[in-house]
>>> print(open('data39.tsv').read())   # TSV, C-alpha atoms and all ligand atoms
chain	number	residue	atom	x	y	z
M	1	MET	CA	-68.76	-27.39	-97.12
M	2	LYS	CA	-70.11	-26.87	-93.59
M	3	LYS	CA	-71.99	-29.71	-91.89
M	4	GLN	CA	-75.40	-28.02	-92.23
M	5	GLU	CA	-74.88	-27.25	-95.93
M	6	LYS	CA	-73.78	-30.82	-96.53
M	7	ILE	CA	-76.96	-32.17	-94.94
M	8	VAL	CA	-79.19	-29.92	-97.04
M	9	SER	CA	-77.33	-30.79	-100.24
M	10	MET	CA	-77.72	-34.49	-99.39
M	11	PHE	CA	-81.50	-33.99	-99.21
M	12	ASP	CA	-81.38	-32.13	-102.52
M	13	ASP	CA	-79.71	-35.22	-104.02
M	14	ILE	CA	-82.14	-37.80	-102.67
M	15	ALA	CA	-85.30	-35.64	-103.14
M	16	PRO	CA	-86.48	-37.37	-106.35
M	17	THR	CA	-86.54	-40.82	-104.67
M	18	TYR	CA	-87.22	-39.70	-101.07
M	19	ASP	CA	-90.95	-40.57	-101.02
M	20	LYS	CA	-90.45	-43.98	-102.60
M	21	ALA	CA	-87.63	-44.92	-100.22
M	22	ASN	CA	-89.65	-43.63	-97.27
M	23	ARG	CA	-92.73	-45.66	-98.19
M	24	ILE	CA	-90.76	-48.88	-98.52
M	25	MET	CA	-88.57	-48.39	-95.45
M	26	SER	CA	-91.29	-47.27	-93.05
M	27	MET	CA	-93.72	-49.90	-94.41
M	28	GLY	CA	-96.44	-47.32	-93.94
M	29	VAL	CA	-96.32	-47.31	-90.14
M	30	ASP	CA	-95.36	-43.62	-90.05
M	31	ARG	CA	-98.98	-42.85	-91.02
M	32	THR	CA	-100.18	-43.79	-87.54
M	33	TRP	CA	-97.43	-41.73	-85.87
M	34	ARG	CA	-98.17	-38.64	-87.96
M	35	ARG	CA	-101.93	-38.90	-87.45
M	36	LYS	CA	-101.50	-39.28	-83.71
M	37	GLY	CA	-99.21	-36.25	-83.53
M	38	CYS	CA	-101.79	-34.02	-85.21
M	39	ASP	CA	-104.78	-35.39	-83.28
M	40	LYS	CA	-103.09	-35.12	-79.88
M	41	ALA	CA	-101.89	-31.56	-80.56
M	42	PHE	CA	-105.37	-30.46	-81.66
M	43	GLY	CA	-106.79	-32.13	-78.56
M	44	TYR	CA	-104.44	-30.28	-76.19
M	45	TYR	CA	-104.94	-26.98	-77.99
M	46	GLY	CA	-108.71	-27.29	-77.76
M	47	LYS	CA	-109.69	-24.62	-80.30
M	48	SER	CA	-112.04	-25.05	-83.23
M	49	SER	CA	-110.17	-22.59	-85.43
M	50	VAL	CA	-106.47	-21.80	-85.79
M	51	ASP	CA	-104.68	-18.98	-87.60
M	52	MET	CA	-101.56	-20.81	-88.70
M	53	ILE	CA	-99.85	-24.20	-88.64
M	54	VAL	CA	-96.17	-24.30	-89.60
M	55	ASP	CA	-94.43	-27.51	-90.60
M	56	VAL	CA	-90.66	-27.05	-90.30
M	57	ALA	CA	-88.33	-29.37	-92.27
M	58	CYS	CA	-91.47	-30.07	-94.29
M	59	GLY	CA	-89.55	-31.90	-97.04
M	60	THR	CA	-91.98	-33.14	-99.65
M	61	GLY	CA	-95.01	-31.99	-97.63
M	62	ASP	CA	-96.50	-35.19	-96.20
M	63	MET	CA	-96.92	-33.85	-92.66
M	64	MET	CA	-98.73	-30.80	-94.05
M	65	ASP	CA	-101.16	-33.14	-95.76
M	66	TYR	CA	-101.78	-34.85	-92.43
M	67	TRP	CA	-102.43	-31.51	-90.70
M	68	GLN	CA	-104.97	-30.63	-93.37
M	69	ARG	CA	-106.75	-33.97	-93.24
M	70	ARG	CA	-106.80	-34.28	-89.45
M	71	ALA	CA	-108.09	-30.70	-89.10
M	72	LYS	CA	-110.90	-31.55	-91.49
M	73	ALA	CA	-111.71	-34.75	-89.57
M	74	ALA	CA	-111.88	-32.79	-86.30
M	75	GLU	CA	-113.81	-29.90	-87.97
M	76	ILE	CA	-111.08	-27.42	-87.11
M	77	SER	CA	-110.66	-24.51	-89.51
M	78	VAL	CA	-107.09	-23.59	-90.42
M	79	ASP	CA	-106.46	-20.19	-91.99
M	80	ARG	CA	-102.90	-20.80	-93.13
M	81	LEU	CA	-100.71	-23.89	-93.45
M	82	VAL	CA	-97.05	-23.23	-94.24
M	83	GLY	CA	-94.18	-25.61	-94.96
M	84	VAL	CA	-90.60	-24.46	-94.33
M	85	ASP	CA	-87.47	-26.30	-95.52
M	86	PRO	CA	-84.01	-25.23	-96.75
M	87	SER	CA	-83.81	-27.93	-99.44
M	88	GLU	CA	-85.04	-26.64	-102.80
M	89	GLY	CA	-85.01	-30.21	-104.11
M	90	MET	CA	-87.34	-31.52	-101.38
M	91	VAL	CA	-89.67	-28.51	-101.61
M	92	GLY	CA	-89.70	-28.85	-105.41
M	93	VAL	CA	-91.11	-32.37	-105.10
M	94	GLY	CA	-93.57	-31.11	-102.45
M	95	LYS	CA	-94.85	-28.39	-104.77
M	96	GLU	CA	-95.51	-30.95	-107.50
M	97	LYS	CA	-97.47	-33.15	-105.09
M	98	PHE	CA	-99.38	-30.38	-103.34
M	99	SER	CA	-99.69	-27.45	-105.73
M	100	ASP	CA	-102.04	-25.50	-103.44
M	101	PHE	CA	-99.76	-25.68	-100.35
M	102	GLU	CA	-97.61	-22.72	-99.26
M	103	PHE	CA	-93.89	-23.49	-99.03
M	104	MET	CA	-90.94	-21.37	-97.93
M	105	ILE	CA	-87.26	-22.15	-98.52
M	106	ALA	CA	-85.64	-21.49	-95.12
M	107	PRO	CA	-83.93	-23.30	-92.25
M	108	ALA	CA	-85.40	-23.99	-88.82
M	109	THR	CA	-83.04	-21.39	-87.38
M	110	ASP	CA	-84.39	-18.53	-89.50
M	111	ILE	CA	-88.11	-18.94	-90.18
M	112	PRO	CA	-89.51	-16.07	-92.27
M	113	LEU	CA	-92.65	-15.62	-90.15
M	114	GLU	CA	-93.78	-13.00	-87.64
M	115	ASN	CA	-93.29	-13.30	-83.88
M	116	GLU	CA	-96.10	-15.17	-82.11
M	117	SER	CA	-98.02	-15.85	-85.32
M	118	ALA	CA	-98.37	-19.66	-85.28
M	119	ASP	CA	-100.73	-21.84	-83.26
M	120	MET	CA	-98.93	-25.09	-84.04
M	121	LEU	CA	-95.46	-25.95	-85.24
M	122	SER	CA	-94.41	-29.44	-86.23
M	123	ILE	CA	-91.11	-30.98	-87.23
M	124	SER	CA	-91.24	-34.59	-88.37
M	125	TYR	CA	-87.95	-36.45	-88.77
M	126	GLY	CA	-86.26	-33.09	-89.16
M	127	ILE	CA	-84.92	-31.86	-85.81
M	128	ARG	CA	-81.99	-34.31	-86.08
M	129	ASN	CA	-80.82	-32.40	-89.15
M	130	VAL	CA	-80.80	-28.99	-87.49
M	131	VAL	CA	-77.15	-28.55	-86.53
M	132	GLU	CA	-77.81	-25.46	-84.39
M	133	ARG	CA	-80.66	-27.14	-82.55
M	134	GLN	CA	-80.89	-24.70	-79.60
M	135	LYS	CA	-81.14	-21.82	-82.06
M	136	GLY	CA	-83.89	-23.72	-83.85
M	137	LEU	CA	-85.85	-24.29	-80.63
M	138	ALA	CA	-85.53	-20.59	-79.78
M	139	GLU	CA	-86.88	-19.81	-83.24
M	140	PHE	CA	-89.86	-22.14	-82.69
M	141	ASN	CA	-90.54	-20.27	-79.47
M	142	ARG	CA	-90.39	-16.90	-81.25
M	143	VAL	CA	-92.82	-17.94	-84.02
M	144	LEU	CA	-95.39	-19.65	-81.76
M	145	LYS	CA	-98.13	-17.83	-79.91
M	146	PRO	CA	-98.02	-18.18	-76.10
M	147	GLY	CA	-99.75	-21.50	-75.43
M	148	GLY	CA	-98.93	-22.68	-78.98
M	149	MET	CA	-98.03	-26.31	-79.55
M	150	VAL	CA	-94.88	-27.91	-80.86
M	151	VAL	CA	-95.07	-31.43	-82.27
M	152	ILE	CA	-91.86	-33.40	-82.75
M	153	LEU	CA	-91.64	-36.79	-84.44
M	154	GLU	CA	-88.15	-38.24	-84.44
M	155	PHE	CA	-85.94	-41.31	-84.30
M	156	MET	CA	-84.33	-40.80	-80.90
M	157	LYS	CA	-81.22	-42.35	-79.54
M	158	ASN	CA	-81.91	-45.34	-77.32
M	159	GLU	CA	-79.25	-45.72	-74.64
M	160	ASN	CA	-80.32	-49.05	-73.15
M	161	PRO	CA	-81.99	-50.89	-76.00
M	162	SER	CA	-84.28	-53.79	-75.14
M	163	PHE	CA	-84.20	-56.94	-77.28
M	164	LEU	CA	-86.65	-55.29	-79.68
M	165	GLY	CA	-84.54	-52.14	-79.60
M	166	LYS	CA	-81.56	-54.18	-80.74
M	167	ILE	CA	-83.60	-55.50	-83.66
M	168	ARG	CA	-84.47	-51.92	-84.49
M	169	ASP	CA	-80.78	-50.93	-84.38
M	170	PHE	CA	-79.90	-53.82	-86.67
M	171	TYR	CA	-82.63	-52.75	-89.11
M	172	MET	CA	-81.49	-49.12	-89.00
M	173	ASN	CA	-77.75	-49.83	-89.16
M	174	SER	CA	-77.58	-52.74	-91.56
M	175	ILE	CA	-80.72	-53.14	-93.65
M	176	LEU	CA	-81.94	-49.61	-94.11
M	177	PRO	CA	-78.75	-48.12	-95.65
M	178	LYS	CA	-78.77	-50.93	-98.21
M	179	VAL	CA	-82.42	-50.50	-99.15
M	180	GLY	CA	-82.34	-46.68	-99.11
M	181	GLY	CA	-78.99	-46.65	-100.90
M	182	PHE	CA	-80.34	-48.98	-103.59
M	183	ILE	CA	-83.47	-46.90	-104.23
M	184	SER	CA	-81.74	-43.51	-104.15
M	185	LYS	CA	-78.39	-44.65	-105.57
M	186	ASN	CA	-76.93	-42.64	-102.69
M	187	ARG	CA	-75.67	-45.05	-100.06
M	188	GLU	CA	-73.93	-42.29	-98.12
M	189	ALA	CA	-77.22	-40.49	-97.48
M	190	TYR	CA	-78.76	-43.59	-95.96
M	191	GLU	CA	-75.69	-44.32	-93.89
M	192	TYR	CA	-76.14	-40.82	-92.48
M	193	LEU	CA	-79.49	-41.87	-90.99
M	194	PRO	CA	-78.25	-44.44	-88.39
M	195	ASN	CA	-75.14	-42.35	-87.71
M	196	SER	CA	-77.20	-39.26	-87.04
M	197	ILE	CA	-79.51	-41.17	-84.70
M	198	GLU	CA	-76.51	-42.55	-82.80
M	199	GLY	CA	-75.17	-39.00	-82.43
M	200	PHE	CA	-78.60	-37.62	-81.47
M	201	LEU	CA	-80.35	-37.10	-78.16
M	202	THR	CA	-82.26	-39.42	-75.91
M	203	VAL	CA	-85.91	-38.56	-75.30
M	204	ALA	CA	-85.06	-37.30	-71.78
M	205	LYS	CA	-82.39	-34.93	-73.10
M	206	MET	CA	-84.71	-33.63	-75.80
M	207	GLN	CA	-87.32	-32.91	-73.12
M	208	ASP	CA	-84.72	-30.97	-71.10
M	209	GLU	CA	-83.77	-28.88	-74.12
M	210	LEU	CA	-87.42	-28.08	-74.81
M	211	GLU	CA	-87.96	-27.00	-71.20
M	212	GLU	CA	-84.84	-24.81	-71.38
M	213	ALA	CA	-86.18	-23.23	-74.58
M	214	GLY	CA	-89.42	-22.20	-72.80
M	215	PHE	CA	-91.72	-25.14	-73.48
M	216	GLU	CA	-93.69	-27.40	-71.19
M	217	VAL	CA	-93.60	-31.02	-72.34
M	218	LEU	CA	-97.13	-32.46	-72.25
M	219	TYR	CA	-96.82	-35.84	-73.90
M	220	THR	CA	-94.23	-38.34	-75.11
M	221	GLU	CA	-94.76	-41.73	-76.66
M	222	SER	CA	-92.44	-44.10	-78.47
M	223	PHE	CA	-93.93	-46.27	-81.18
M	224	SER	CA	-93.14	-49.45	-83.06
M	225	MET	CA	-90.27	-50.95	-81.07
M	226	ASP	CA	-89.26	-47.43	-80.04
M	227	ILE	CA	-88.33	-46.66	-83.65
M	228	SER	CA	-90.15	-43.36	-83.56
M	229	THR	CA	-90.93	-40.95	-80.74
M	230	LEU	CA	-93.67	-38.33	-80.52
M	231	ILE	CA	-93.17	-35.34	-78.24
M	232	ILE	CA	-95.82	-32.67	-77.74
M	233	ALA	CA	-94.94	-29.49	-75.87
M	234	ARG	CA	-96.63	-26.17	-75.22
M	235	LYS	CA	-95.00	-22.76	-75.30
M	236	LYS	CA	-95.19	-21.37	-71.78
M	237	GLN	CA	-97.60	-18.46	-71.38
Q	1	LIG	C1	-86.02	-36.89	-93.20
Q	1	LIG	S1	-86.59	-35.43	-94.01
Q	1	LIG	C2	-88.19	-35.24	-93.32
Q	1	LIG	C3	-89.15	-34.58	-94.24
Q	1	LIG	C4	-90.60	-34.52	-93.77
Q	1	LIG	N1	-90.76	-33.74	-92.58
Q	1	LIG	C5	-91.17	-35.89	-93.58
Q	1	LIG	O1	-91.67	-36.16	-92.48
Q	1	LIG	O2	-91.15	-36.69	-94.50
Q	1	LIG	C6	-85.64	-34.17	-93.21
Q	1	LIG	C7	-85.83	-32.78	-93.78
Q	1	LIG	O3	-85.06	-31.88	-92.95
Q	1	LIG	C8	-84.65	-30.82	-93.80
Q	1	LIG	N2	-83.59	-30.05	-93.14
Q	1	LIG	C9	-82.27	-30.23	-93.15
Q	1	LIG	N3	-81.63	-29.29	-92.45
Q	1	LIG	C10	-82.61	-28.45	-91.98
Q	1	LIG	C11	-82.58	-27.25	-91.21
Q	1	LIG	N4	-81.46	-26.73	-90.75
Q	1	LIG	N5	-83.77	-26.66	-90.94
Q	1	LIG	C12	-84.93	-27.20	-91.37
Q	1	LIG	N6	-85.00	-28.32	-92.12
Q	1	LIG	C13	-83.85	-28.94	-92.41
Q	1	LIG	C14	-84.21	-31.55	-95.06
Q	1	LIG	O4	-84.09	-30.67	-96.17
Q	1	LIG	C15	-85.31	-32.59	-95.20
Q	1	LIG	O5	-86.35	-32.14	-96.03
>>> encode(input="data39.tsv", output="structure tokens", more="lines below")
Ligand SMILES: C[S@@+](CC[C@H](N)C(=O)[O-])C[C@H]1O[C@@H](n2cnc3c(N)ncnc32)[C@H](O)[C@@H]1O
Amino acid sequence: MKKQEKIVSMFDDIAPTYDKANRIMSMGVDRTWRRKGCDKAFGYYGKSSVDMIVDVACGTGDMMDYWQRRAKAAEISVDRLVGVDPSEGMVGVGKEKFSDFEFMIAPATDIPLENESADMLSISYGIRNVVERQKGLAEFNRVLKPGGMVVILEFMKNENPSFLGKIRDFYMNSILPKVGGFISKNREAYEYLPNSIEGFLTVAKMQDELEEAGFEVLYTESFSMDISTLIIARKKQ
């Protein structure tokens, strides 16, 4: 099996317990990060109505729920909200949770949407799983309108960890695989998480790749001992 297929099949396997494991492991702090991503992006975009928001690697749909709720709070009307993910297992759980949401089974590298049709595109804890990342970023650029926003939430590699960063690494490398493995009965999947972060990009490198793919990076912030990073970029006009 190719690396990308293996990753998707791993998510198919852990889909039934994904939400439970996520809630316990993140201790709920991801709520603040997700909310901030939506609010900041709406703020930069500055429009009171949008045609389409796309959540790539949507998994079980939580980020879509945040988009809907934050749009409502800011009185922004959203015509269409679409979730895209190649894992049928993850999307299956999403459909049960959010029966009125629109989901598509597809990878980040081949999004079944028209050119320049989306106002916003998010990917939360998903870009790390896209093996052909440059192809994915080019696809985000194709789907977004000029001036459209991309919102990335991710666990980025930290090259020079501070003391707190080392605690984070210990949590990620030693505690999390045990907890996630226990809940999902799939230890391998939760060992993949720290390994994939270690093999992933630093924030600076991610910014460079976004710029190369035709985006202007507007905002970056790392939260909670640098566990999670938010990057907001705009497609160049
Ligand atoms: C850690 S989950 C994140 C799910 C969701 N965005 C969230 O915040 O809870 C990663 C997701 O990436 C998806 N994924 C894996 N490979 C992908 C690809 N090539 N393109 C898009 N999504 C992918 C997986 O199926 C999985 O649902």
>>> residues_around(input="data39.tsv", residues="Ile24 of chain M", least_positions_apart="6", cutoff="12 Å", atoms="all atoms listed in the file", output="list in words")
Thr17, Tyr18, Asp30, Ile175, Leu176, Val179, Gly180, Phe182, Ile183 and Ser184 of chain M
>>> write_last_selection(input="data39.tsv", atoms="C-alpha atoms", output="PDB file, in the frame of the given file")
ATOM      1  CA  THR M  17     -86.540 -40.820-104.670  1.00  0.00           C
ATOM      2  CA  TYR M  18     -87.220 -39.700-101.070  1.00  0.00           C
ATOM      3  CA  ASP M  30     -95.360 -43.620 -90.050  1.00  0.00           C
ATOM      4  CA  ILE M 175     -80.720 -53.140 -93.650  1.00  0.00           C
ATOM      5  CA  LEU M 176     -81.940 -49.610 -94.110  1.00  0.00           C
ATOM      6  CA  VAL M 179     -82.420 -50.500 -99.150  1.00  0.00           C
ATOM      7  CA  GLY M 180     -82.340 -46.680 -99.110  1.00  0.00           C
ATOM      8  CA  PHE M 182     -80.340 -48.980-103.590  1.00  0.00           C
ATOM      9  CA  ILE M 183     -83.470 -46.900-104.230  1.00  0.00           C
ATOM     10  CA  SER M 184     -81.740 -43.510-104.150  1.00  0.00           C
TER      11      SER M 184
END
>>> atom_distance(input="data39.tsv", atom1="atom CA of Phe98 of chain M", atom2="atom CA of Asn115 of chain M")
26.6 Å
>>> atom_distance(input="data39.tsv", atom1="atom CA of Ile76 of chain M", atom2="atom CA of Met120 of chain M")
12.7 Å
>>> residues_near_ligand(input="data39.tsv", ligand="ligand LIG 1 (chain Q)", cutoff="6 Å", atoms="all atoms listed in the file", output="short mmCIF file (atom, residue, chain, number, x, y, z; two decimals) with C-alpha atoms, in the coordinates of the input")
data_model
loop_
_atom_site.label_atom_id
_atom_site.label_comp_id
_atom_site.auth_asym_id
_atom_site.auth_seq_id
_atom_site.Cartn_x
_atom_site.Cartn_y
_atom_site.Cartn_z
CA ILE M 7 -76.96 -32.17 -94.94
CA VAL M 8 -79.19 -29.92 -97.04
CA PHE M 11 -81.50 -33.99 -99.21
CA VAL M 56 -90.66 -27.05 -90.30
CA ALA M 57 -88.33 -29.37 -92.27
CA CYS M 58 -91.47 -30.07 -94.29
CA GLY M 59 -89.55 -31.90 -97.04
CA ASP M 62 -96.50 -35.19 -96.20
CA MET M 63 -96.92 -33.85 -92.66
CA ASP M 85 -87.47 -26.30 -95.52
CA PRO M 86 -84.01 -25.23 -96.75
CA SER M 87 -83.81 -27.93 -99.44
CA MET M 90 -87.34 -31.52 -101.38
CA PRO M 107 -83.93 -23.30 -92.25
CA ALA M 108 -85.40 -23.99 -88.82
CA SER M 124 -91.24 -34.59 -88.37
CA TYR M 125 -87.95 -36.45 -88.77
CA GLY M 126 -86.26 -33.09 -89.16
CA ASN M 129 -80.82 -32.40 -89.15
CA VAL M 130 -80.80 -28.99 -87.49
#
>>> residues_around(input="data39.tsv", residues="Phe101 of chain M", least_positions_apart="6", cutoff="9 Å", atoms="only C-alpha atoms", output="number ranges by chain")
M: 61, 64-65, 81-83, 94-95
>>> residues_around(input="data39.tsv", residues="segment 145-153 of chain M", least_positions_apart="3", cutoff="6 Å", atoms="only C-alpha atoms", output="PDB file with C-alpha atoms, in the frame of the given file")
ATOM      1  CA  GLU M 116     -96.100 -15.170 -82.110  1.00  0.00           C
ATOM      2  CA  SER M 117     -98.020 -15.850 -85.320  1.00  0.00           C
ATOM      3  CA  ALA M 118     -98.370 -19.660 -85.280  1.00  0.00           C
ATOM      4  CA  ASP M 119    -100.730 -21.840 -83.260  1.00  0.00           C
ATOM      5  CA  MET M 120     -98.930 -25.090 -84.040  1.00  0.00           C
ATOM      6  CA  LEU M 121     -95.460 -25.950 -85.240  1.00  0.00           C
ATOM      7  CA  SER M 122     -94.410 -29.440 -86.230  1.00  0.00           C
ATOM      8  CA  ILE M 123     -91.110 -30.980 -87.230  1.00  0.00           C
ATOM      9  CA  SER M 124     -91.240 -34.590 -88.370  1.00  0.00           C
ATOM     10  CA  TYR M 125     -87.950 -36.450 -88.770  1.00  0.00           C
ATOM     11  CA  THR M 229     -90.930 -40.950 -80.740  1.00  0.00           C
ATOM     12  CA  LEU M 230     -93.670 -38.330 -80.520  1.00  0.00           C
ATOM     13  CA  ILE M 231     -93.170 -35.340 -78.240  1.00  0.00           C
ATOM     14  CA  ILE M 232     -95.820 -32.670 -77.740  1.00  0.00           C
ATOM     15  CA  ALA M 233     -94.940 -29.490 -75.870  1.00  0.00           C
ATOM     16  CA  ARG M 234     -96.630 -26.170 -75.220  1.00  0.00           C
ATOM     17  CA  LYS M 235     -95.000 -22.760 -75.300  1.00  0.00           C
ATOM     18  CA  LYS M 236     -95.190 -21.370 -71.780  1.00  0.00           C
ATOM     19  CA  GLN M 237     -97.600 -18.460 -71.380  1.00  0.00           C
TER      20      GLN M 237
END
>>> closest_residue(input="data39.tsv", among="M:Ser228, M:Thr220, M:Gln4, M:Gln207", to="Thr109 of chain M", atoms="all atoms listed in the file")
M:Gln4
>>> closest_residue(input="data39.tsv", among="M:Lys97, M:Arg35, M:Lys40, M:Lys3", to="Tyr219 of chain M", atoms="all atoms listed in the file")
M:Lys40
>>> closest_residue(input="data39.tsv", among="M:Leu210, M:Val50, M:Val203, M:Ala73", to="Ile227 of chain M", atoms="all atoms listed in the file")
M:Val203
>>> atom_distance(input="data39.tsv", atom1="atom CA of Ser49 of chain M", atom2="atom CA of Glu139 of chain M")
23.6 Å
